[in-house]
Every structure is written in C-alpha cells, then in structure tokens.
Amino acid sequence: ILLDQGHGGGNSSRRGFVNVEGYMYCNEGQNNFYFSKLLKQELEKKGFQVGTTRNNMNEDPPIPARGKMGKGYDLMVSVHSNGGGGDAQGVEVWDSTNPVESDTNLAGLLSKTTSYTLNIPNRGVKYKKNNSGSNWYGILREGQAKKNMILEMFFHDNYYDTVKFINNHKQLAVNLADALAK
C-alpha cells in the first residue's frame with residue numbers, strides 16, 4: 001500500500017483548516033502527514049508493506065511524481081481532509097474512473113469505516129471525469145498503483161467534523177487498517 005499524504009507543509013497547505021486548541025496539526029498538509037504516519041504503523045502491524053510519497057512534513061512532490069511512486073503497489077490511498085465552506089460535513093472517497101483501477105467495494109468500506117469511527121455523515125464513493133473522459137483529480141489520473149483512490153476523511157473547515165477527527169484519529173487509523181486487512 002502506498003499512502004500519499006496529500007499536499008505539503010507551509011502556508012500552501014493551510015487550506016481553511018479550523019484551529020482547534022491543543023492540536024498542533026491544524027493545516028491540511030501537516031495533518032495528512034501526521035495521520036498517514038499513524039495509519040502506516042497500524043497497517044504494518046497487520047503485515048502490509050507500506051510506502052509514503054513524503055518523507056517529511058515540508059515536502060510537497062508534484063502530482064505526477066506522486067503518481068509514479070505508485071508503480072508496483074497494489075493500492076494507493078491519497079489521504080486528505082476536505083473543504084466545503086464551513087457547513088459541509090462527512091467523509092467521501094473519490095475512486096478512480098478507470099474501470100481497471102476502480103474498487104467501489106473497497107472505497108465504500110473506507111468511507112463507511114471512517115463515517116462510523118468519527119460519527120460523521122457518510123457521503124459515499126464518488127467519481128468525477130474531466131473533459132477528456134479521464135479522472136478529474138490529478139493523483140487518480142497519474143496514479144500508477146493497481147487501485148487508486150482519495151480518502152477525504154472529514155471537512156477541515158467544519159469545527160464539529162474537525163473536533164470529531166481530532167478526538168478519534170488514533171482509533172480511525174486502527175479501524176482503517178482493520179478494514180483494509182479484511
């Protein structure tokens with residue numbers, strides 16, 4: 001499994017993340033890196049070989065380079081949090097529109113597990129194509145793993161979603177690893 005810790009460090013990764021007192025990773029790039037580290041540890045406990053697209057919090061490889069890193073992996077999950085103007089809530093998984101790379105069942109399981117663990121709405125599995133009929137999202141278009149998807153764990157501009165994530169992120173890592181092992 002390859003974990004792509006979406007975005008990078010610094011100001012470009014801030015992306016409207018709600019500040020929550022006592023939590024030090026209140027920007028998307030840093031939070032994605034931190035959470036992916038926890039998820040990697042849990043997956044390795046289950047016997048998975050796990051790679052990452054970033055070695056430190058401040059790296060921000062371009063999308064094509066991240067996609068190429070997926071070569072030789074069975075699955076690439078791009079770990080993100082979402083933004084929706086402050087009112088949207090829930091988890092959604094963007095699955096590849098390429099039928100060879102798509103795995104609706106696995107994407108649905110990741111969405112359901114996240115929804116249950118964080119007690120937030122399950123917005124389900126989503127698909128989006130660009131004008132040429134390919135994946136809209138670059139990481140899915142460029143992804144070279146056998147299966148490629150984006151996990152938008154919660155809405156980082158919604159205070160309630162953010163607090164639920166912060167209070168349950170360690171359990172989420174455990175539960176997602178269990179789900180992937182199944």
# chains A, B, ... in the order shown; residues from 1 in each chain; ligands from 1
call {"tool": "select_by_dssp", "arguments": {"residues": "stretch 12-128 of chain A", "states": "strand (DSSP E)", "output": "list in words"}}
result
Gly51, Thr52, Leu75, Met76, Val77, Ser78, Val79, His80, Ser81, Asn82, Val91, Glu92, Val93, Trp94, Asp95, Asn122, Arg123, Gly124, Val125 and Lys126 of chain A
call {"tool": "write_last_selection", "arguments": {"atoms": "C-alpha atoms", "output": "PDB file, in the first residue's frame"}}
result
ATOM      1  CA  GLY A  51       5.299   3.263   1.413  1.00  0.00           C
ATOM      2  CA  THR A  52       4.666   7.001   1.518  1.00  0.00           C
ATOM      3  CA  LEU A  75      -3.230   0.254  -3.719  1.00  0.00           C
ATOM      4  CA  MET A  76      -2.549   3.965  -3.389  1.00  0.00           C
ATOM      5  CA  VAL A  77      -4.704   5.899  -0.932  1.00  0.00           C
ATOM      6  CA  SER A  78      -4.284   9.664  -1.095  1.00  0.00           C
ATOM      7  CA  VAL A  79      -5.077  10.862   2.437  1.00  0.00           C
ATOM      8  CA  HIS A  80      -6.851  14.221   2.661  1.00  0.00           C
ATOM      9  CA  SER A  81      -9.297  16.329   4.573  1.00  0.00           C
ATOM     10  CA  ASN A  82     -11.940  18.272   2.704  1.00  0.00           C
ATOM     11  CA  VAL A  91     -16.404  11.595   4.670  1.00  0.00           C
ATOM     12  CA  GLU A  92     -16.189  10.800   0.984  1.00  0.00           C
ATOM     13  CA  VAL A  93     -13.930   8.629  -1.105  1.00  0.00           C
ATOM     14  CA  TRP A  94     -13.059   9.509  -4.694  1.00  0.00           C
ATOM     15  CA  ASP A  95     -12.469   6.312  -6.618  1.00  0.00           C
ATOM     16  CA  ASN A 122     -21.076   9.005   5.028  1.00  0.00           C
ATOM     17  CA  ARG A 123     -21.149  10.938   1.752  1.00  0.00           C
ATOM     18  CA  GLY A 124     -20.133   7.757  -0.069  1.00  0.00           C
ATOM     19  CA  VAL A 125     -17.996   6.881  -3.044  1.00  0.00           C
ATOM     20  CA  LYS A 126     -17.734   9.487  -5.780  1.00  0.00           C
TER      21      LYS A 126
END
call {"tool": "closest_residue", "arguments": {"among": "A:Met153, A:Asn98, A:Gly108, A:Asn119", "to": "A:Ser134", "atoms": "only C-alpha atoms"}}
result
A:Asn98
call {"tool": "closest_residue", "arguments": {"among": "A:Gly90, A:Pro61, A:Gly84, A:Pro99", "to": "A:Asp4", "atoms": "only C-alpha atoms"}}
result
A:Pro61
call {"tool": "atom_distance", "arguments": {"atom1": "atom CA of A:Asn56", "atom2": "atom CA of A:Cys26"}}
result
16.4 Å
call {"tool": "residues_around", "arguments": {"residues": "stretch 136-143 of chain A", "least_positions_apart": "2", "cutoff": "12 Å", "atoms": "only C-alpha atoms", "output": "NGL selection string"}}
result
:A and (2-7 or 53 or 61-80 or 93-98 or 101-102 or 126-134 or 145-151)
